[in-house]
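Engineer: The structure is given below, and queries will be raised subsequently.
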Amino acid sequence: MVLSADRQVLLVKRSVEPKKGEWCLPGGFIELDETPEQACLRELKEETNLNAEIDWLLGVFIGSSSIYKSVLIVGFLVKNIEGQAEAGDDSEAVR
């Protein structure tokens with residue numbers, strides 16, 4: 001989760017299914033030989049063009065998925081955000 005100094009959360013509007021057109025937190029799947037932390041920062045860059053550092057683990061949850069039935073969700077809070085927010089891979093807008 002990206003939380004600005006004035007406590008705003010960064011969201012992306014999905015450009016692909018599932019849930020195309022809906023707003024969500026930036027995220028995606030962990031690649032082989034990648035840590036959850038590396039995946040978090042990679043997905044943030046791919047979807048928003050922002051770089052950041054992991055601040056702390058928000059939690060680990062089981063979520064339901066129409067495609068995979070269930071997915072493991074790992075949430076991180078990031079800090080020291082750098083760059084200009086722009087929609088990227090799998091997103092059509094960033095706010």
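Residue numbering restarts at 1 for every chain of the structure tokens, chains are lettered A, B, ... in their displayed order, and ligands are numbered from 1 as they appear.
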When DSSP is applied to the backbone of this structure, which of segment 41-76 of chain A are assigned helix (DSSP H, G or I)? Write them out as an MDAnalysis selection string.

Structural biologist: chainID A and resid 41:48

Engineer: Give me the residues near segment 14-28 of chain A as number ranges by chain, where near means some atom within 12 Å (using only C-alpha atoms) and where sequence neighbours in that chain fewer than 2 positions away do not count.

Structural biologist: A: 1-3, 9-12, 30-31, 36-50, 65-68, 71-78, 85, 87-95

Engineer: From the DSSP assignment of the backbone, select every residue of chain A that is strand (DSSP E or B), and format the answer as a PyMOL selection string.

Structural biologist: chain A and resi 2-3+9+12-14+23-24+51-65+69-82+91-94

Engineer: State, in Å with one decimal place, the distance from atom CA of Trp56 of chain A to atom CA of Glu86 of chain A.

Structural biologist: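 For atom CA of Trp56 of chain A relative to atom CA of Glu86 of chain A, the distance reads 24.1 Å.
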